[in-house]
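Text of data_9.pdb (PDB, C-alpha atoms) as supplied:
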```pdb
ATOM      1  CA  MET K   1       0.000   0.000   0.000  1.00  0.00           C
ATOM      2  CA  GLU K   2       2.926   2.207   0.234  1.00  0.00           C
ATOM      3  CA  LEU K   3       2.689   2.871  -3.468  1.00  0.00           C
ATOM      4  CA  VAL K   4      -0.872   4.054  -3.237  1.00  0.00           C
ATOM      5  CA  ASN K   5      -0.256   6.280  -0.231  1.00  0.00           C
ATOM      6  CA  PRO K   6       3.330   7.378  -0.643  1.00  0.00           C
ATOM      7  CA  GLY K   7       5.215   8.629   2.302  1.00  0.00           C
ATOM      8  CA  ILE K   8       6.815  12.061   2.532  1.00  0.00           C
ATOM      9  CA  GLY K   9      10.327  10.637   2.432  1.00  0.00           C
ATOM     10  CA  LEU K  10       9.577   8.790  -0.779  1.00  0.00           C
ATOM     11  CA  ILE K  11       8.192  11.963  -2.382  1.00  0.00           C
ATOM     12  CA  VAL K  12      11.262  13.952  -1.331  1.00  0.00           C
ATOM     13  CA  TRP K  13      13.664  11.330  -2.656  1.00  0.00           C
ATOM     14  CA  MET K  14      11.736  10.953  -5.875  1.00  0.00           C
ATOM     15  CA  THR K  15      11.654  14.715  -6.341  1.00  0.00           C
ATOM     16  CA  LEU K  16      15.353  14.965  -5.635  1.00  0.00           C
ATOM     17  CA  ALA K  17      16.102  12.127  -8.081  1.00  0.00           C
ATOM     18  CA  PHE K  18      13.899  13.817 -10.663  1.00  0.00           C
ATOM     19  CA  LEU K  19      15.683  17.154 -10.246  1.00  0.00           C
ATOM     20  CA  VAL K  20      19.108  15.491 -10.514  1.00  0.00           C
ATOM     21  CA  ILE K  21      18.102  13.681 -13.670  1.00  0.00           C
ATOM     22  CA  LEU K  22      16.564  16.901 -15.006  1.00  0.00           C
ATOM     23  CA  TYR K  23      19.807  18.761 -14.251  1.00  0.00           C
ATOM     24  CA  ILE K  24      21.971  16.063 -15.874  1.00  0.00           C
ATOM     25  CA  LEU K  25      19.694  15.906 -18.877  1.00  0.00           C
ATOM     26  CA  GLY K  26      19.629  19.722 -19.141  1.00  0.00           C
ATOM     27  CA  LYS K  27      23.396  19.978 -18.854  1.00  0.00           C
ATOM     28  CA  TYR K  28      24.400  17.101 -21.146  1.00  0.00           C
ATOM     29  CA  ALA K  29      21.430  15.939 -23.239  1.00  0.00           C
ATOM     30  CA  TRP K  30      19.040  18.847 -23.650  1.00  0.00           C
ATOM     31  CA  LYS K  31      21.346  21.088 -25.704  1.00  0.00           C
ATOM     32  CA  PRO K  32      22.378  18.366 -28.200  1.00  0.00           C
ATOM     33  CA  ILE K  33      18.769  17.251 -28.562  1.00  0.00           C
ATOM     34  CA  MET K  34      17.618  20.848 -29.152  1.00  0.00           C
ATOM     35  CA  THR K  35      20.487  21.431 -31.602  1.00  0.00           C
ATOM     36  CA  ALA K  36      19.590  18.247 -33.459  1.00  0.00           C
ATOM     37  CA  LEU K  37      15.939  19.288 -33.568  1.00  0.00           C
ATOM     38  CA  LYS K  38      16.856  22.771 -34.851  1.00  0.00           C
ATOM     39  CA  ASP K  39      19.200  21.241 -37.421  1.00  0.00           C
ATOM     40  CA  ARG K  40      16.480  18.850 -38.497  1.00  0.00           C
ATOM     41  CA  GLU K  41      13.945  21.698 -38.664  1.00  0.00           C
ATOM     42  CA  SER K  42      16.295  23.800 -40.804  1.00  0.00           C
ATOM     43  CA  ALA K  43      17.069  20.780 -43.017  1.00  0.00           C
ATOM     44  CA  ILE K  44      13.336  20.176 -43.502  1.00  0.00           C
ATOM     45  CA  HIS K  45      12.811  23.881 -44.187  1.00  0.00           C
ATOM     46  CA  THR K  46      15.702  23.852 -46.726  1.00  0.00           C
ATOM     47  CA  ALA K  47      14.317  20.708 -48.376  1.00  0.00           C
ATOM     48  CA  LEU K  48      10.853  22.308 -48.639  1.00  0.00           C
ATOM     49  CA  ASN K  49      12.379  25.446 -50.188  1.00  0.00           C
ATOM     50  CA  ALA K  50      14.405  23.297 -52.597  1.00  0.00           C
ATOM     51  CA  ALA K  51      11.263  21.350 -53.491  1.00  0.00           C
ATOM     52  CA  GLU K  52       9.373  24.599 -54.093  1.00  0.00           C
ATOM     53  CA  ASN K  53      12.240  25.917 -56.229  1.00  0.00           C
ATOM     54  CA  ALA K  54      12.332  22.640 -58.125  1.00  0.00           C
ATOM     55  CA  LYS K  55       8.594  22.891 -58.684  1.00  0.00           C
ATOM     56  CA  VAL K  56       8.992  26.439 -60.039  1.00  0.00           C
ATOM     57  CA  GLU K  57      11.893  25.297 -62.226  1.00  0.00           C
ATOM     58  CA  MET K  58       9.813  22.367 -63.478  1.00  0.00           C
ATOM     59  CA  GLU K  59       7.026  24.771 -64.435  1.00  0.00           C
ATOM     60  CA  LYS K  60       9.563  26.940 -66.271  1.00  0.00           C
ATOM     61  CA  MET K  61      11.053  23.890 -67.952  1.00  0.00           C
ATOM     62  CA  LYS K  62       7.604  22.633 -68.859  1.00  0.00           C
ATOM     63  CA  PHE K  63       6.846  25.979 -70.489  1.00  0.00           C
ATOM     64  CA  SER K  64      10.284  25.933 -72.138  1.00  0.00           C
ATOM     65  CA  ASN K  65       9.736  22.351 -73.295  1.00  0.00           C
ATOM     66  CA  GLU K  66       6.376  23.306 -74.760  1.00  0.00           C
ATOM     67  CA  GLU K  67       8.028  26.190 -76.614  1.00  0.00           C
ATOM     68  CA  LEU K  68      10.783  23.878 -77.878  1.00  0.00           C
ATOM     69  CA  LEU K  69       8.213  21.316 -78.906  1.00  0.00           C
ATOM     70  CA  GLN K  70       6.236  23.965 -80.787  1.00  0.00           C
ATOM     71  CA  GLU K  71       9.422  25.204 -82.472  1.00  0.00           C
ATOM     72  CA  ALA K  72      10.316  21.634 -83.433  1.00  0.00           C
ATOM     73  CA  LYS K  73       6.822  21.101 -84.880  1.00  0.00           C
ATOM     74  CA  ASN K  74       7.064  24.352 -86.838  1.00  0.00           C
ATOM     75  CA  GLU K  75      10.504  23.413 -88.120  1.00  0.00           C
ATOM     76  CA  ARG K  76       9.248  19.941 -89.064  1.00  0.00           C
ATOM     77  CA  ASP K  77       6.314  21.485 -90.940  1.00  0.00           C
ATOM     78  CA  ALA K  78       8.668  23.863 -92.751  1.00  0.00           C
ATOM     79  CA  ILE K  79      10.969  20.985 -93.711  1.00  0.00           C
ATOM     80  CA  LEU K  80       8.018  18.918 -94.938  1.00  0.00           C
ATOM     81  CA  ALA K  81       6.689  21.868 -96.961  1.00  0.00           C
ATOM     82  CA  THR K  82      10.118  22.379 -98.512  1.00  0.00           C
ATOM     83  CA  ALA K  83      10.374  18.666 -99.270  1.00  0.00           C
ATOM     84  CA  ARG K  84       6.951  18.719-100.932  1.00  0.00           C
ATOM     85  CA  LYS K  85       7.972  21.707-103.079  1.00  0.00           C
ATOM     86  CA  ILE K  86      11.204  19.985-104.054  1.00  0.00           C
ATOM     87  CA  LYS K  87       9.298  16.786-104.839  1.00  0.00           C
ATOM     88  CA  GLU K  88       6.816  18.677-107.004  1.00  0.00           C
ATOM     89  CA  SER K  89       9.583  20.542-108.833  1.00  0.00           C
ATOM     90  CA  ILE K  90      11.468  17.273-109.448  1.00  0.00           C
ATOM     91  CA  ILE K  91       8.292  15.630-110.742  1.00  0.00           C
ATOM     92  CA  GLU K  92       7.540  18.642-112.969  1.00  0.00           C
ATOM     93  CA  GLU K  93      11.112  18.703-114.247  1.00  0.00           C
ATOM     94  CA  SER K  94      10.981  14.959-114.928  1.00  0.00           C
ATOM     95  CA  LYS K  95       7.681  15.341-116.783  1.00  0.00           C
ATOM     96  CA  GLN K  96       9.128  18.187-118.839  1.00  0.00           C
ATOM     97  CA  LYS K  97      12.275  16.198-119.660  1.00  0.00           C
ATOM     98  CA  ALA K  98      10.177  13.149-120.537  1.00  0.00           C
ATOM     99  CA  SER K  99       7.951  15.287-122.763  1.00  0.00           C
ATOM    100  CA  GLU K 100      10.985  16.811-124.490  1.00  0.00           C
ATOM    101  CA  GLU K 101      12.533  13.360-124.929  1.00  0.00           C
ATOM    102  CA  ALA K 102       9.243  12.000-126.295  1.00  0.00           C
ATOM    103  CA  ASN K 103       8.986  14.922-128.731  1.00  0.00           C
ATOM    104  CA  ARG K 104      12.587  14.367-129.809  1.00  0.00           C
ATOM    105  CA  ILE K 105      11.946  10.635-130.289  1.00  0.00           C
ATOM    106  CA  ILE K 106       8.747  11.392-132.248  1.00  0.00           C
ATOM    107  CA  ALA K 107      10.580  13.925-134.438  1.00  0.00           C
ATOM    108  CA  SER K 108      13.386  11.443-134.982  1.00  0.00           C
ATOM    109  CA  ALA K 109      10.866   8.713-135.846  1.00  0.00           C
ATOM    110  CA  LYS K 110       9.045  11.038-138.271  1.00  0.00           C
ATOM    111  CA  GLU K 111      12.344  11.961-139.916  1.00  0.00           C
ATOM    112  CA  SER K 112      13.308   8.305-140.118  1.00  0.00           C
ATOM    113  CA  ILE K 113       9.899   7.433-141.581  1.00  0.00           C
ATOM    114  CA  GLN K 114      10.245  10.282-144.099  1.00  0.00           C
ATOM    115  CA  ASN K 115      13.729   9.066-145.073  1.00  0.00           C
ATOM    116  CA  GLU K 116      12.471   5.489-145.429  1.00  0.00           C
ATOM    117  CA  LYS K 117       9.522   6.756-147.457  1.00  0.00           C
ATOM    118  CA  MET K 118      11.809   8.746-149.760  1.00  0.00           C
ATOM    119  CA  ALA K 119      14.127   5.754-150.118  1.00  0.00           C
ATOM    120  CA  ALA K 120      11.140   3.524-150.930  1.00  0.00           C
ATOM    121  CA  ILE K 121       9.831   6.066-153.483  1.00  0.00           C
ATOM    122  CA  THR K 122      13.296   6.385-155.051  1.00  0.00           C
ATOM    123  CA  ASP K 123      13.629   2.629-155.190  1.00  0.00           C
ATOM    124  CA  LEU K 124      10.147   2.371-156.688  1.00  0.00           C
ATOM    125  CA  LYS K 125      11.004   5.026-159.294  1.00  0.00           C
ATOM    126  CA  ASP K 126      14.246   3.215-160.112  1.00  0.00           C
ATOM    127  CA  GLN K 127      12.391  -0.050-160.515  1.00  0.00           C
ATOM    128  CA  LEU K 128       9.687   1.679-162.616  1.00  0.00           C
ATOM    129  CA  ALA K 129      12.336   3.331-164.793  1.00  0.00           C
ATOM    130  CA  GLU K 130      14.129   0.042-165.262  1.00  0.00           C
ATOM    131  CA  LEU K 131      10.855  -1.677-166.054  1.00  0.00           C
ATOM    132  CA  SER K 132       9.909   1.103-168.464  1.00  0.00           C
ATOM    133  CA  PHE K 133      13.317   0.908-170.060  1.00  0.00           C
ATOM    134  CA  ASP K 134      12.986  -2.857-170.471  1.00  0.00           C
ATOM    135  CA  VAL K 135       9.494  -2.451-171.956  1.00  0.00           C
ATOM    136  CA  ALA K 136      10.666   0.334-174.267  1.00  0.00           C
ATOM    137  CA  LYS K 137      13.663  -1.720-175.302  1.00  0.00           C
ATOM    138  CA  LYS K 138      11.464  -4.680-176.172  1.00  0.00           C
ATOM    139  CA  ILE K 139       9.011  -2.466-178.039  1.00  0.00           C
ATOM    140  CA  LEU K 140      11.794  -0.728-179.965  1.00  0.00           C
ATOM    141  CA  LYS K 141      13.405  -4.029-180.818  1.00  0.00           C
ATOM    142  CA  ARG K 142      10.193  -5.215-182.228  1.00  0.00           C
ATOM    143  CA  GLU K 143       9.316  -1.976-183.979  1.00  0.00           C
ATOM    144  CA  LEU K 144      12.760  -1.275-185.298  1.00  0.00           C
ATOM    145  CA  SER K 145      13.455  -4.694-186.636  1.00  0.00           C
ATOM    146  CA  ASP K 146      12.193  -3.408-189.974  1.00  0.00           C
ATOM    147  CA  PRO K 147      14.641  -0.870-191.660  1.00  0.00           C
ATOM    148  CA  LYS K 148      11.773   1.246-192.990  1.00  0.00           C
ATOM    149  CA  LYS K 149      10.314   1.679-189.516  1.00  0.00           C
ATOM    150  CA  GLN K 150      13.765   2.584-188.221  1.00  0.00           C
ATOM    151  CA  GLU K 151      14.035   5.401-190.743  1.00  0.00           C
ATOM    152  CA  GLU K 152      10.580   6.727-189.863  1.00  0.00           C
ATOM    153  CA  TYR K 153      11.432   6.682-186.160  1.00  0.00           C
ATOM    154  CA  ILE K 154      14.690   8.596-186.735  1.00  0.00           C
ATOM    155  CA  ASN K 155      12.831  11.258-188.740  1.00  0.00           C
ATOM    156  CA  GLU K 156      10.264  11.561-185.949  1.00  0.00           C
ATOM    157  CA  LEU K 157      12.992  12.032-183.336  1.00  0.00           C
ATOM    158  CA  ILE K 158      14.662  14.704-185.477  1.00  0.00           C
ATOM    159  CA  LYS K 159      11.400  16.606-185.721  1.00  0.00           C
ATOM    160  CA  GLU K 160      10.931  16.449-181.987  1.00  0.00           C
ATOM    161  CA  VAL K 161      14.448  17.693-181.371  1.00  0.00           C
ATOM    162  CA  LYS K 162      13.905  20.664-183.692  1.00  0.00           C
ATOM    163  CA  PHE K 163      10.723  21.687-181.893  1.00  0.00           C
ATOM    164  CA  ASN K 164      12.332  21.597-178.471  1.00  0.00           C
TER     165      ASN K 164
END
```

Take the structure in the file and give it back as structure tokens.
Amino acid sequence: MELVNPGIGLIVWMTLAFLVILYILGKYAWKPIMTALKDRESAIHTALNAAENAKVEMEKMKFSNEELLQEAKNERDAILATARKIKESIIEESKQKASEEANRIIASAKESIQNEKMAAITDLKDQLAELSFDVAKKILKRELSDPKKQEEYINELIKEVKFN
């Protein structure tokens, strides 16, 4: 029952022990604990400030990244537009060259056809002349086999020569 109804001596000794422990703790433990708590508080405060600064920097970087992304998109669009123009000019140039080449080939073919045609006509005329000559030769042989007909033919030729 002594614990329920403490005696005066016990209270005095407990108070004295408490004060001694409080003095020892105040002298040796309280200052380091308070310093550690202050250091921890300042470290937490510094970390919060750093986090806030990082958040602000992230917002700036996000805005900067968006600007860079927009610039990259604009540059990509410009490059694609330039590529399309170059493609169209190359296609147009190729069409023009192909058209010129086709016209040159057509002109060459027409000239070749004309030359072949002229050669065929010349050959035909040569063959016709040869055939005519052969026919005339046969007719003259037959007609001029008689000396009287020969003399008549010579007189006819002389008359023709005089008129021309």

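Here CA of Gly7 (chain K) is placed at a distance of 26.7 Å from CA of Leu25 (chain K).
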
Which residues of region 59-87 of chain K have any atom within 12 Å of an atom in region 35-53 of chain K when counting all atoms listed in the file, and what is the closest pair of atoms for each, with the distance in Å to one decimal? Order the rows by chain and rising number and write it as JSON lines.
```
{"residue": "K:Glu59", "atom": "CA", "partner": "K:Asn53", "partner_atom": "CA", "distance": 9.8}
{"residue": "K:Lys60", "atom": "CA", "partner": "K:Asn53", "partner_atom": "CA", "distance": 10.4}
{"residue": "K:Met61", "atom": "CA", "partner": "K:Asn53", "partner_atom": "CA", "distance": 12.0}
```

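Relative to CA of Thr122 (chain K), CA of Lys141 (chain K) is found at 27.8 Å.
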
**Message:** Between CA of Ala136 (chain K) and CA of Tyr153 (chain K), what distance in Å does the model show, to one decimal?
**Reply:** 13.5 Å

Please define a box with edges along x, y and z of the file around all atoms of region 61-69 of chain K given in the file, extend it by 4 Å on each side, and return its centre and edge lengths in Å to one decimal, as AutoDock Vina command-line options.
```
--center_x 8.7 --center_y 23.8 --center_z -73.4 --size_x 12.7 --size_y 12.9 --size_z 19.0
```
